[in-house]
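> Structure supplied as entry.txt; contents: compact mmCIF, C-alpha atoms and all ligand atoms.
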```txt
# COMPACT_ATOMS: atom_id res chain seq x y z
CA MET J 1246 -24.69 -5.20 10.21
CA ASN J 1247 -21.15 -4.81 8.89
CA SER J 1248 -21.91 -6.41 5.53
CA PRO J 1249 -19.51 -5.65 2.71
CA LYS J 1250 -20.66 -5.93 -0.88
CA ALA J 1251 -20.08 -9.27 -2.66
CA SER J 1252 -16.56 -9.49 -4.11
CA PRO J 1253 -16.70 -7.84 -7.58
CA THR J 1254 -14.11 -10.29 -8.92
CA LEU J 1255 -16.17 -13.32 -7.92
CA VAL J 1256 -19.36 -11.64 -9.15
CA ILE J 1257 -17.96 -10.94 -12.64
CA ASN J 1258 -16.62 -14.50 -12.83
CA GLU J 1259 -20.01 -15.97 -12.00
CA LYS J 1260 -21.67 -13.62 -14.47
CA VAL J 1261 -19.30 -14.67 -17.26
CA ASN J 1262 -19.81 -18.35 -16.40
CA ALA J 1263 -23.57 -17.86 -16.64
CA MET J 1264 -23.16 -16.04 -19.98
CA TRP J 1265 -20.93 -18.84 -21.30
CA ALA J 1266 -23.49 -21.41 -20.13
CA SER J 1267 -26.20 -19.57 -22.07
CA GLY J 1268 -24.07 -19.77 -25.21
CA GLN J 1269 -22.65 -16.24 -25.28
CA ASP J 1270 -19.06 -15.91 -26.46
CA ILE J 1271 -17.53 -13.65 -23.83
CA ILE J 1272 -13.84 -12.80 -23.70
CA HIS J 1273 -13.02 -13.03 -20.03
CA LEU J 1274 -10.50 -10.58 -18.59
CA GLY J 1275 -12.44 -10.05 -15.39
CA PHE J 1276 -11.02 -12.64 -13.04
CA GLY J 1277 -7.49 -13.08 -11.71
CA GLU J 1278 -7.39 -16.84 -11.51
CA SER J 1279 -4.17 -18.49 -12.59
CA ARG J 1280 -5.31 -21.33 -14.83
CA PHE J 1281 -2.43 -23.79 -15.18
CA PRO J 1282 -3.11 -27.46 -14.40
CA VAL J 1283 -2.39 -28.92 -10.97
CA HIS J 1284 1.18 -30.22 -11.04
CA SER J 1285 0.99 -34.03 -11.33
CA VAL J 1286 3.22 -34.68 -8.29
CA LEU J 1287 0.98 -32.43 -6.17
CA ALA J 1288 -2.14 -34.13 -7.53
CA CYS J 1289 -0.74 -37.59 -6.56
CA THR J 1290 0.30 -36.40 -3.10
CA PHE J 1291 -3.13 -34.91 -2.58
CA GLN J 1292 -4.76 -38.23 -3.48
CA GLU J 1293 -2.42 -40.15 -1.20
CA ASN J 1294 -3.40 -37.86 1.66
CA SER J 1295 -7.14 -38.04 1.10
CA MET J 1296 -7.40 -40.27 4.20
CA GLN J 1297 -6.13 -37.43 6.41
CA ARG J 1298 -9.49 -36.69 7.94
CA SER J 1299 -8.70 -35.51 11.45
CA TYR J 1300 -8.82 -31.98 12.73
CA LEU J 1301 -5.33 -30.54 12.66
CA PRO J 1302 -3.73 -27.69 14.62
CA SER J 1303 -5.28 -24.31 13.74
CA LEU J 1304 -1.84 -22.82 13.22
CA GLY J 1305 -0.82 -25.61 10.84
CA ILE J 1306 1.05 -28.86 11.37
CA PRO J 1307 4.58 -28.20 12.69
CA GLU J 1308 6.34 -29.84 9.72
CA LEU J 1309 4.45 -27.60 7.31
CA ARG J 1310 5.16 -24.43 9.31
CA GLU J 1311 8.85 -25.30 9.45
CA THR J 1312 8.95 -26.09 5.71
CA ILE J 1313 7.29 -22.77 4.82
CA ALA J 1314 9.72 -20.89 7.09
CA ASN J 1315 12.69 -22.48 5.27
CA TYR J 1316 11.16 -21.85 1.85
CA TYR J 1317 10.62 -18.13 2.40
CA SER J 1318 13.93 -17.73 4.27
CA ASP J 1319 15.53 -18.94 1.07
CA LYS J 1320 13.34 -16.92 -1.34
CA LEU J 1321 13.44 -13.65 0.60
CA GLY J 1322 16.98 -13.90 1.99
CA LEU J 1323 15.76 -13.51 5.58
CA THR J 1324 15.66 -15.91 8.52
CA PHE J 1325 12.27 -17.16 9.63
CA ASP J 1326 11.45 -20.06 11.91
CA GLY J 1327 8.38 -22.28 11.97
CA SER J 1328 6.95 -20.61 15.07
CA GLN J 1329 6.41 -17.44 13.00
CA VAL J 1330 4.32 -19.18 10.33
CA ILE J 1331 0.55 -19.68 10.36
CA VAL J 1332 -1.62 -21.19 7.66
CA GLY J 1333 -5.19 -20.37 6.69
CA VAL J 1334 -8.05 -21.13 4.33
CA GLY J 1335 -6.64 -18.93 1.57
CA SER J 1336 -4.77 -15.78 2.45
CA LYS J 1337 -8.11 -13.95 2.77
CA SER J 1338 -8.78 -15.76 6.06
CA LEU J 1339 -5.36 -14.73 7.36
CA LEU J 1340 -5.83 -11.11 6.32
CA TYR J 1341 -9.17 -11.09 8.10
CA ALA J 1342 -7.72 -12.63 11.26
CA MET J 1343 -4.73 -10.29 11.36
CA ILE J 1344 -6.83 -7.16 10.84
CA GLN J 1345 -9.19 -8.38 13.54
CA SER J 1346 -6.21 -8.97 15.85
CA ILE J 1347 -4.67 -5.52 15.51
CA ASP J 1348 -6.35 -2.61 17.19
CA GLY J 1349 -6.69 0.18 14.64
CA ASP J 1350 -7.96 1.51 11.33
CA LEU J 1351 -6.58 0.91 7.85
CA LEU J 1352 -4.48 2.92 5.46
CA LEU J 1353 -5.10 1.66 1.97
CA SER J 1354 -3.94 2.82 -1.42
CA LYS J 1355 -6.29 3.57 -4.23
CA PRO J 1356 -6.30 1.51 -6.30
CA SER J 1357 -5.82 -1.68 -4.31
CA TRP J 1358 -7.18 -5.23 -4.37
CA VAL J 1359 -10.95 -5.41 -3.83
CA SER J 1360 -11.03 -7.51 -0.66
CA TYR J 1361 -8.97 -5.35 1.70
CA SER J 1362 -11.73 -2.79 2.13
CA SER J 1363 -14.45 -5.42 2.47
CA ILE J 1364 -12.43 -7.18 5.18
CA ALA J 1365 -12.07 -3.80 6.90
CA THR J 1366 -15.86 -3.39 6.76
CA LEU J 1367 -16.34 -6.87 8.22
CA THR J 1368 -14.04 -6.03 11.10
CA GLY J 1369 -15.67 -2.63 11.67
CA ARG J 1370 -12.52 -0.64 10.81
CA SER J 1371 -12.47 2.59 8.90
CA VAL J 1372 -10.45 2.82 5.69
CA HIS J 1373 -8.33 5.86 4.84
CA ARG J 1374 -7.35 5.86 1.20
CA PHE J 1375 -4.24 7.51 -0.19
CA GLU J 1376 -3.86 7.98 -3.90
CA LEU J 1377 -1.24 6.28 -6.03
CA ASP J 1378 -0.40 8.52 -8.93
CA ALA J 1379 -0.29 6.97 -12.40
CA ASP J 1380 2.35 9.58 -13.34
CA GLN J 1381 4.56 8.30 -10.50
CA ASP J 1382 4.23 4.71 -11.70
CA TYR J 1383 1.76 3.99 -8.89
CA GLN J 1384 4.55 4.08 -6.27
CA ILE J 1385 3.67 5.35 -2.79
CA ASN J 1386 4.30 9.04 -2.21
CA ILE J 1387 5.15 9.46 1.48
CA GLN J 1388 3.76 13.00 1.62
CA THR J 1389 0.41 11.85 0.26
CA LEU J 1390 0.37 8.90 2.68
CA ASP J 1391 1.33 11.09 5.60
CA SER J 1392 -1.32 13.71 4.91
CA VAL J 1393 -4.05 11.04 4.77
CA TYR J 1394 -2.66 9.63 8.02
CA GLN J 1395 -2.74 13.09 9.67
CA GLU J 1396 -6.29 13.74 8.47
CA ALA J 1397 -7.39 10.41 9.94
CA ILE J 1398 -5.80 11.26 13.29
CA GLU J 1399 -7.39 14.73 13.26
CA SER J 1400 -10.80 13.20 12.64
CA GLY J 1401 -10.37 11.04 15.74
CA ARG J 1402 -9.49 7.77 14.01
CA ASN J 1403 -6.65 5.46 14.92
CA PRO J 1404 -4.82 4.42 11.71
CA LYS J 1405 -2.51 1.57 12.71
CA ILE J 1406 -2.46 -0.80 9.74
CA LEU J 1407 -0.97 -0.12 6.31
CA ILE J 1408 -1.60 -2.68 3.58
CA LEU J 1409 1.03 -3.09 0.88
CA ASN J 1410 0.71 -5.36 -2.12
CA SER J 1411 3.66 -6.05 -4.40
CA PRO J 1412 3.55 -7.37 -7.11
CA SER J 1413 0.28 -5.55 -7.28
CA ASN J 1414 -3.27 -6.36 -8.17
CA PRO J 1415 -4.67 -4.38 -10.07
CA VAL J 1416 -1.65 -2.48 -11.44
CA GLY J 1417 0.78 -5.35 -12.09
CA ASN J 1418 3.81 -3.34 -10.93
CA ILE J 1419 6.38 -3.99 -8.18
CA SER J 1420 7.47 -1.75 -5.30
CA SER J 1421 11.01 -0.47 -5.73
CA GLU J 1422 13.53 -0.96 -2.92
CA GLU J 1423 13.65 2.83 -2.40
CA GLU J 1424 9.89 2.91 -2.00
CA LEU J 1425 9.96 0.07 0.53
CA LYS J 1426 12.76 1.70 2.51
CA SER J 1427 10.98 5.03 2.76
CA VAL J 1428 7.63 3.44 3.67
CA ALA J 1429 9.40 1.31 6.32
CA GLN J 1430 11.01 4.38 7.87
CA TRP J 1431 7.72 6.28 7.90
CA ALA J 1432 5.80 3.32 9.39
CA LYS J 1433 8.47 2.82 12.06
CA GLU J 1434 8.16 6.46 13.14
CA LYS J 1435 4.38 6.13 13.42
CA ASP J 1436 4.48 2.63 14.96
CA ILE J 1437 2.28 1.19 12.24
CA TYR J 1438 1.80 -2.47 11.33
CA ILE J 1439 2.44 -3.39 7.73
CA LEU J 1440 0.37 -6.16 6.21
CA SER J 1441 2.51 -7.04 3.20
CA ASP J 1442 0.49 -9.05 0.70
CA GLU J 1443 3.14 -10.87 -1.32
CA ILE J 1444 0.91 -13.50 -2.88
CA TYR J 1445 2.41 -12.77 -6.33
CA SER J 1446 6.02 -12.75 -5.08
CA LEU J 1447 6.96 -15.74 -7.24
CA VAL J 1448 5.17 -14.36 -10.29
CA THR J 1449 7.65 -11.68 -11.34
CA HIS J 1450 8.55 -11.01 -14.96
CA ASP J 1451 12.01 -11.20 -16.50
CA GLY J 1452 14.34 -8.56 -15.13
CA PHE J 1453 12.19 -7.65 -12.12
CA THR J 1454 12.94 -8.81 -8.59
CA HIS J 1455 10.60 -9.01 -5.66
CA HIS J 1456 11.66 -7.45 -2.36
CA THR J 1457 9.82 -7.58 0.93
CA ILE J 1458 9.42 -4.64 3.27
CA ALA J 1459 10.21 -7.12 6.09
CA GLU J 1460 13.87 -6.54 5.09
CA TYR J 1461 13.61 -3.00 6.43
CA TYR J 1462 10.91 -3.26 9.08
CA PRO J 1463 10.82 -6.81 10.49
CA GLU J 1464 9.43 -5.65 13.87
CA LYS J 1465 5.90 -5.02 12.59
CA THR J 1466 5.61 -6.57 9.16
CA ILE J 1467 3.34 -9.53 8.51
CA ILE J 1468 3.96 -11.25 5.18
CA PHE J 1469 1.08 -12.98 3.37
CA GLY J 1470 1.29 -15.58 0.62
CA GLY J 1471 -0.26 -18.82 -0.53
CA LEU J 1472 -0.52 -21.32 -3.34
CA SER J 1473 -3.29 -19.64 -5.34
CA LYS J 1474 -1.19 -17.73 -7.82
CA HIS J 1475 2.20 -19.31 -8.52
CA LEU J 1476 0.80 -22.86 -8.47
CA SER J 1477 -2.70 -22.03 -9.80
CA LEU J 1478 -4.33 -23.60 -6.72
CA GLY J 1479 -6.86 -20.87 -5.82
CA GLY J 1480 -9.63 -23.39 -5.23
CA TRP J 1481 -7.51 -25.37 -2.79
CA ARG J 1482 -7.80 -22.38 -0.45
CA PHE J 1483 -4.35 -22.43 1.05
CA GLY J 1484 -2.72 -19.30 2.45
CA MET J 1485 0.11 -18.59 4.82
CA ALA J 1486 1.38 -15.67 6.87
CA ILE J 1487 4.70 -14.97 8.58
CA VAL J 1488 4.43 -12.83 11.71
CA PRO J 1489 7.27 -10.89 13.36
CA LYS J 1490 9.61 -12.60 15.80
CA GLY J 1491 9.20 -12.15 19.55
CA ASP J 1492 6.28 -10.94 21.68
CA GLU J 1493 4.64 -8.99 18.86
CA GLY J 1494 4.34 -12.16 16.78
CA LYS J 1495 3.34 -14.32 19.73
CA SER J 1496 0.36 -12.18 20.61
CA LEU J 1497 -0.78 -12.11 16.94
CA ILE J 1498 -0.53 -15.90 16.82
CA GLN J 1499 -2.53 -16.27 20.02
CA SER J 1500 -5.29 -14.10 18.63
CA PHE J 1501 -5.18 -15.95 15.28
CA GLN J 1502 -5.51 -19.26 17.09
CA SER J 1503 -8.72 -18.23 18.76
CA ILE J 1504 -10.21 -16.73 15.56
CA ALA J 1505 -9.27 -19.77 13.43
CA GLY J 1506 -10.39 -22.14 16.17
CA SER J 1507 -13.76 -20.39 16.37
CA ILE J 1508 -14.48 -20.16 12.65
CA TRP J 1509 -12.70 -22.72 10.44
CA SER J 1510 -10.71 -24.86 12.94
CA CYS J 1511 -7.94 -25.74 10.53
CA VAL J 1512 -6.87 -25.96 6.91
CA PRO J 1513 -8.12 -29.35 5.60
CA GLY J 1514 -5.71 -32.25 6.22
CA PRO J 1515 -5.06 -33.33 2.60
CA ILE J 1516 -4.19 -29.74 1.69
CA GLN J 1517 -1.82 -29.24 4.62
CA TYR J 1518 0.06 -32.47 3.88
CA THR J 1519 0.30 -31.64 0.18
CA ALA J 1520 1.43 -28.09 0.95
CA ILE J 1521 4.52 -29.56 2.64
CA LEU J 1522 5.58 -30.83 -0.77
CA ALA J 1523 4.63 -27.56 -2.50
CA TYR J 1524 7.02 -25.66 -0.20
CA SER J 1525 9.72 -28.32 -0.03
CA GLY J 1526 11.86 -26.82 -2.78
CA ASN J 1527 11.16 -29.88 -4.98
CA ARG J 1528 13.04 -29.26 -8.23
CA ASN J 1529 10.16 -30.29 -10.54
CA ILE J 1530 7.68 -28.09 -8.75
CA ASP J 1531 10.01 -25.10 -8.67
CA ASP J 1532 10.69 -25.52 -12.40
CA TYR J 1533 6.95 -25.68 -13.01
CA ILE J 1534 6.43 -22.43 -11.07
CA LYS J 1535 9.12 -20.79 -13.24
CA THR J 1536 7.55 -22.07 -16.47
CA CYS J 1537 4.05 -20.88 -15.54
CA THR J 1538 5.46 -17.52 -14.45
CA LYS J 1539 7.35 -17.19 -17.72
CA ILE J 1540 4.16 -17.90 -19.69
CA HIS J 1541 2.18 -15.35 -17.64
CA GLY J 1542 4.95 -12.85 -18.40
CA ILE J 1543 4.99 -13.51 -22.16
CA ARG J 1544 1.21 -13.28 -22.46
CA THR J 1545 0.88 -10.18 -20.30
CA HIS J 1546 3.74 -8.33 -22.02
CA TYR J 1547 2.47 -9.24 -25.47
CA ILE J 1548 -1.00 -7.85 -24.74
CA HIS J 1549 0.47 -4.81 -23.00
CA GLY J 1550 2.65 -4.12 -26.07
CA LYS J 1551 -0.25 -4.47 -28.50
CA LEU J 1552 -2.51 -2.21 -26.41
CA SER J 1553 0.26 0.38 -26.13
CA SER J 1554 0.60 0.40 -29.92
CA MET J 1555 -3.12 1.33 -30.00
CA GLU J 1556 -2.20 4.26 -27.73
CA LEU J 1557 -3.96 2.64 -24.81
CA THR J 1558 -1.20 3.14 -22.27
CA SER J 1559 -0.75 1.41 -18.91
CA PRO J 1560 2.12 0.77 -16.47
CA LYS J 1561 4.68 -1.75 -17.65
CA PRO J 1562 3.79 -5.16 -16.19
CA ARG J 1563 6.45 -6.30 -13.75
CA GLY J 1564 4.67 -9.08 -11.91
CA ALA J 1565 1.35 -10.96 -11.62
CA PHE J 1566 -0.91 -11.03 -14.72
CA TYR J 1567 -2.69 -7.71 -14.80
CA ILE J 1568 -2.80 -4.66 -17.04
CA TYR J 1569 -4.32 -1.42 -15.78
CA PRO J 1570 -5.00 0.96 -18.67
CA SER J 1571 -6.65 4.34 -18.39
CA PHE J 1572 -8.98 5.70 -21.08
CA LYS J 1573 -8.89 9.17 -19.53
CA LYS J 1574 -7.34 10.85 -22.53
CA TRP J 1575 -10.48 9.93 -24.47
CA SER J 1576 -12.83 11.20 -21.75
CA ILE J 1577 -14.48 13.85 -23.99
CA LYS J 1578 -15.10 11.43 -26.84
CA LEU J 1579 -16.29 8.73 -24.45
CA GLY J 1580 -18.60 11.32 -22.86
CA GLU J 1581 -20.16 11.88 -26.28
CA MET J 1582 -20.83 8.13 -26.39
CA GLY J 1583 -22.56 8.38 -22.99
CA ILE J 1584 -19.62 6.88 -21.08
CA THR J 1585 -18.52 9.04 -18.17
CA THR J 1586 -17.48 6.50 -15.53
CA CYS J 1587 -15.27 3.43 -15.51
CA GLU J 1588 -18.30 1.29 -14.61
CA GLU J 1589 -20.07 2.52 -17.78
CA LEU J 1590 -16.92 1.83 -19.76
CA SER J 1591 -16.71 -1.73 -18.45
CA THR J 1592 -20.44 -2.30 -19.11
CA TYR J 1593 -20.13 -0.88 -22.64
CA LEU J 1594 -17.30 -3.27 -23.45
CA LEU J 1595 -19.33 -6.20 -22.16
CA ASP J 1596 -22.56 -5.20 -23.93
CA HIS J 1597 -21.08 -4.11 -27.28
CA TYR J 1598 -17.86 -6.11 -27.58
CA SER J 1599 -18.47 -9.13 -25.31
CA ILE J 1600 -15.33 -8.30 -23.31
CA ALA J 1601 -15.51 -8.74 -19.51
CA THR J 1602 -13.27 -6.46 -17.43
CA LEU J 1603 -13.39 -4.90 -13.99
CA PRO J 1604 -13.73 -1.14 -13.52
CA GLY J 1605 -11.00 0.64 -11.51
CA SER J 1606 -13.68 1.79 -9.05
CA ALA J 1607 -13.93 -1.83 -7.80
CA PHE J 1608 -10.38 -1.24 -6.56
CA GLY J 1609 -11.27 2.07 -4.92
CA ASP J 1610 -9.95 4.14 -7.83
CA ASP J 1611 -11.69 7.36 -8.82
CA THR J 1612 -14.27 6.51 -11.44
CA ASN J 1613 -13.30 9.42 -13.69
CA ASN J 1614 -9.78 8.03 -14.05
CA LEU J 1615 -11.53 5.68 -16.49
CA CYS J 1616 -9.30 2.74 -15.60
CA LEU J 1617 -10.04 -0.91 -16.25
CA ARG J 1618 -8.30 -3.91 -14.80
CA LEU J 1619 -7.56 -6.54 -17.39
CA SER J 1620 -6.57 -9.96 -16.15
CA THR J 1621 -4.70 -11.91 -18.82
CA SER J 1622 -4.87 -15.23 -17.00
CA PHE J 1623 -8.07 -16.62 -18.58
CA LEU J 1624 -7.37 -15.79 -22.22
CA ASP J 1625 -7.02 -18.96 -24.29
CA MET J 1626 -7.02 -20.92 -21.03
CA GLU J 1627 -10.75 -20.85 -20.42
CA THR J 1628 -11.07 -24.62 -19.96
CA ASP J 1629 -8.67 -27.07 -18.34
CA ASP J 1630 -8.00 -28.63 -21.75
CA GLN J 1631 -7.09 -25.26 -23.23
CA ALA J 1632 -4.83 -24.51 -20.27
CA GLN J 1633 -2.99 -27.79 -20.82
CA LYS J 1634 -2.68 -26.99 -24.54
CA ILE J 1635 -1.04 -23.64 -23.78
CA LEU J 1636 1.46 -25.37 -21.50
CA ASP J 1637 2.19 -28.03 -24.17
CA ALA J 1638 2.48 -25.41 -26.90
CA TYR J 1639 5.03 -23.45 -24.85
CA SER J 1640 7.20 -26.53 -24.43
CA GLU J 1641 7.36 -26.85 -28.23
CA GLU J 1642 7.37 -23.20 -29.24
CA ASN J 1643 9.17 -20.92 -26.88
CA ASP J 1644 9.69 -18.07 -29.30
CA PRO J 1645 7.34 -15.60 -27.53
CA LYS J 1646 5.97 -13.98 -30.69
CA LEU J 1647 5.23 -17.26 -32.46
CA PHE J 1648 3.89 -18.79 -29.26
CA MET J 1649 1.41 -15.92 -29.01
CA GLU J 1650 0.49 -15.73 -32.69
CA LYS J 1651 0.07 -19.45 -33.27
CA HIS J 1652 -1.60 -20.53 -30.04
CA HIS J 1653 -3.67 -17.60 -28.81
CA PRO J 1654 -6.72 -17.14 -31.08
CA ARG J 1655 -8.86 -15.59 -28.35
CA THR J 1656 -6.14 -13.16 -27.41
CA SER J 1657 -5.99 -12.11 -31.08
CA LEU J 1658 -9.78 -11.75 -31.11
CA PHE J 1659 -9.63 -9.62 -27.96
CA LEU J 1660 -6.99 -7.35 -29.51
CA GLU J 1661 -8.99 -7.06 -32.72
CA LYS J 1662 -12.07 -6.02 -30.74
CA MET J 1663 -10.05 -3.47 -28.76
CA ARG J 1664 -8.74 -2.02 -32.03
CA LYS J 1665 -12.33 -1.64 -33.22
CA PHE J 1666 -13.43 -0.08 -29.94
CA ILE J 1667 -10.62 2.47 -30.03
CA ALA J 1668 -11.45 3.22 -33.67
CA GLU J 1669 -15.08 3.75 -32.61
CA ILE J 1670 -13.95 6.21 -29.91
CA ASN J 1671 -11.78 8.06 -32.43
CA GLU J 1672 -14.54 8.24 -35.09
C1 LIG J 1701 -3.61 -9.23 -4.04
C2 LIG J 1701 -4.31 -10.49 -3.68
N1 LIG J 1701 -4.22 -10.96 -2.44
C3 LIG J 1701 -4.86 -12.10 -2.08
C4 LIG J 1701 -5.63 -12.80 -2.99
C5 LIG J 1701 -6.42 -14.02 -2.55
O1 LIG J 1701 -5.66 -15.04 -2.29
P1 LIG J 1701 -6.20 -16.40 -1.62
O2 LIG J 1701 -6.66 -17.25 -2.74
O3 LIG J 1701 -4.95 -16.90 -0.96
O4 LIG J 1701 -7.26 -16.05 -0.64
C6 LIG J 1701 -5.75 -12.34 -4.29
C7 LIG J 1701 -6.61 -13.07 -5.25
O5 LIG J 1701 -7.02 -12.59 -6.26
C8 LIG J 1701 -5.07 -11.17 -4.66
O6 LIG J 1701 -5.14 -10.69 -5.90
```
Output the file's structure in the form of structure tokens.

Amino acid sequence: MNSPKASPTLVINEKVNAMWASGQDIIHLGFGESRFPVHSVLACTFQENSMQRSYLPSLGIPELRETIANYYSDKLGLTFDGSQVIVGVGSKSLLYAMIQSIDGDLLLSKPSWVSYSSIATLTGRSVHRFELDADQDYQINIQTLDSVYQEAIESGRNPKILILNSPSNPVGNISSEEELKSVAQWAKEKDIYILSDEIYSLVTHDGFTHHTIAEYYPEKTIIFGGLSKHLSLGGWRFGMAIVPKGDEGKSLIQSFQSIAGSIWSCVPGPIQYTAILAYSGNRNIDDYIKTCTKIHGIRTHYIHGKLSSMELTSPKPRGAFYIYPSFKKWSIKLGEMGITTCEELSTYLLDHYSIATLPGSAFGDDTNNLCLRLSTSFLDMETDDQAQKILDAYSEENDPKLFMEKHHPRTSLFLEKMRKFIAEINE
């Protein structure tokens, strides 16, 4: 059977929930769930549409597809039409269906989000990993990519799909325009499909702009997005994809229709009708997205700054809500403490400091890079009440430093524990 392992992100979340339920005080940085409340207008619209109980088109209702096309045409500065848009039960279902629909193996960076390789396993595709170098700010090096591609060809494989993810999980950086242009040119020469996971495209931090590779390679780029991150609606399971124009897109849509029709039929009615509003460009909702994004940015940059001052360095966060530090420079001292892999490092932090993280190896990274992925999204927003309090506090106190110091006790506790851990390493 092609059974991938259970998703490490969901596993750590369930583990932390069980530890919380048993009374343990765990600081949760293991799960990338955006925690802001459901926007009240969306909540009302969802209630009003609860009577929508019929099966709907697998591709999505036409009004929704058209609305999404307009929304992303505006956000990305490109021209899409509704016939290019498909919707799914979270973007995971769309990634699965698109990989299944394209004949070929996968080129995947290390590190990259946990689910790409498990979806590849499900679809029986081989994965060829190319390294992103921390010293090159985790940007793609075309020579490295090309040599992994050549090796795959020489070993008889058929690499045809390259997955990109910007803003990135786990690194929290953004692809530069130069990087996108050079990857587009390389992919065009090799006739490779790009699956461009842009689910964090609206969660970019001050001064950083999201660009899509579809600007440079529209012929074979499929863009993925959804409501999970910028509107904190992960549990609503709504994703969308935009396929290329013309025959290429049509055949992907045909294949998607039969996969969706065979497995999940359609995205639930109340969600589809509410998603129309979410993508309508409604002023209140767009302002809410900007506020939540701003808060993610303040929190993530604050923690990044504090960790850097402890000499725990990591790439500057540019989007999403992740920090990806490496403890490699302490590898000898950690070795003396019995910690030689990033899994052991993550376990040590959980067992000795009650801090939940994910090891870089969950993202395909080499274990001896001693990287951890820290998600800032749960800190001080563990419950719905706390999440609402953070939102309220920001509306009264938007000086970032005071906002953090006055309203983030668990973040302070986390930083205090990290200080102690680093002192222990340096002992
Ligand atoms: C890079 C990336 N893509 C996709 C997803 C999943 O999105 P969805 O909730 O739309 O399935 C996540 C969730 O963590 C993610 O980090």
> Please check which residues have atoms at most 9 Å from (-6.8, -32.3, 3.9) in the file's coordinates, counting all atoms listed in the file, and write them as a list in words.
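The requested residues, written out, are Phe1291, Asn1294, Ser1295, Met1296, Gln1297, Arg1298, Ser1299, Val1512, Pro1513, Gly1514, Pro1515, Ile1516, Gln1517, Tyr1518 and Thr1519 of chain J.
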> Can you work out which residues are within 10 Å of ligand LIG 1701 (chain J), considering all atoms listed in the file, and then hand them over as a ChimeraX atom specification?
/J:1254-1255,1276-1279,1333-1340,1357-1361,1409-1415,1417,1441-1445,1469-1474,1477-1485,1565-1567
> Would you mind listing what lies within 10 Å of range 1370-1380 of chain J as a PyMOL selection string, with all atoms listed in the file counted and same-chain residues fewer than 2 positions away left out?
chain J and resi 1247+1344-1345+1348-1357+1361-1368+1382-1394+1396-1397+1402-1404+1406-1407+1416+1559-1560+1569-1571+1609-1611+1614
> Using only C-alpha atoms, please write the residues we just selected to a file, as a CSV table (one decimal), keeping the file's coordinate frame.

```
chain,number,residue,atom,x,y,z
J,1247,ASN,CA,-21.2,-4.8,8.9
J,1344,ILE,CA,-6.8,-7.2,10.8
J,1345,GLN,CA,-9.2,-8.4,13.5
J,1348,ASP,CA,-6.4,-2.6,17.2
J,1349,GLY,CA,-6.7,0.2,14.6
J,1350,ASP,CA,-8.0,1.5,11.3
J,1351,LEU,CA,-6.6,0.9,7.8
J,1352,LEU,CA,-4.5,2.9,5.5
J,1353,LEU,CA,-5.1,1.7,2.0
J,1354,SER,CA,-3.9,2.8,-1.4
J,1355,LYS,CA,-6.3,3.6,-4.2
J,1356,PRO,CA,-6.3,1.5,-6.3
J,1357,SER,CA,-5.8,-1.7,-4.3
J,1361,TYR,CA,-9.0,-5.4,1.7
J,1362,SER,CA,-11.7,-2.8,2.1
J,1363,SER,CA,-14.4,-5.4,2.5
J,1364,ILE,CA,-12.4,-7.2,5.2
J,1365,ALA,CA,-12.1,-3.8,6.9
J,1366,THR,CA,-15.9,-3.4,6.8
J,1367,LEU,CA,-16.3,-6.9,8.2
J,1368,THR,CA,-14.0,-6.0,11.1
J,1382,ASP,CA,4.2,4.7,-11.7
J,1383,TYR,CA,1.8,4.0,-8.9
J,1384,GLN,CA,4.6,4.1,-6.3
J,1385,ILE,CA,3.7,5.4,-2.8
J,1386,ASN,CA,4.3,9.0,-2.2
J,1387,ILE,CA,5.2,9.5,1.5
J,1388,GLN,CA,3.8,13.0,1.6
J,1389,THR,CA,0.4,11.8,0.3
J,1390,LEU,CA,0.4,8.9,2.7
J,1391,ASP,CA,1.3,11.1,5.6
J,1392,SER,CA,-1.3,13.7,4.9
J,1393,VAL,CA,-4.0,11.0,4.8
J,1394,TYR,CA,-2.7,9.6,8.0
J,1396,GLU,CA,-6.3,13.7,8.5
J,1397,ALA,CA,-7.4,10.4,9.9
J,1402,ARG,CA,-9.5,7.8,14.0
J,1403,ASN,CA,-6.6,5.5,14.9
J,1404,PRO,CA,-4.8,4.4,11.7
J,1406,ILE,CA,-2.5,-0.8,9.7
J,1407,LEU,CA,-1.0,-0.1,6.3
J,1416,VAL,CA,-1.6,-2.5,-11.4
J,1559,SER,CA,-0.8,1.4,-18.9
J,1560,PRO,CA,2.1,0.8,-16.5
J,1569,TYR,CA,-4.3,-1.4,-15.8
J,1570,PRO,CA,-5.0,1.0,-18.7
J,1571,SER,CA,-6.6,4.3,-18.4
J,1609,GLY,CA,-11.3,2.1,-4.9
J,1610,ASP,CA,-10.0,4.1,-7.8
J,1611,ASP,CA,-11.7,7.4,-8.8
J,1614,ASN,CA,-9.8,8.0,-14.0
```
> Tell me, counting only C-alpha atoms, for each residue of range 1310-1381 of chain J within 10 Å of range 1458-1464 of chain J, which pair of atoms is nearest and how far apart they are in Å to one decimal, in rows ordered by chain and increasing number, as CSV.

```
residue,atom,partner,partner_atom,distance
J:Leu1321,CA,J:Glu1460,CA,8.4
J:Gly1322,CA,J:Glu1460,CA,8.6
J:Leu1323,CA,J:Glu1460,CA,7.2
```
> Using all atoms listed in the file, determine which residues lie at most 8 Å from Ile1257 in chain J, disregarding the query and same-chain residues fewer than 5 positions distant; provide the list as a VMD selection string.
chain J and resid 1275 to 1276 1601 1603
> Filtering to C-alpha atoms, could you give me those residues as a PDB file, in the coordinates of the input?

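Saved to out14.pdb:
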```
ATOM      1  CA  GLY J1275     -12.440 -10.050 -15.390  1.00  0.00           C
ATOM      2  CA  PHE J1276     -11.020 -12.640 -13.040  1.00  0.00           C
ATOM      3  CA  ALA J1601     -15.510  -8.740 -19.510  1.00  0.00           C
ATOM      4  CA  LEU J1603     -13.390  -4.900 -13.990  1.00  0.00           C
TER       5      LEU J1603
END
```
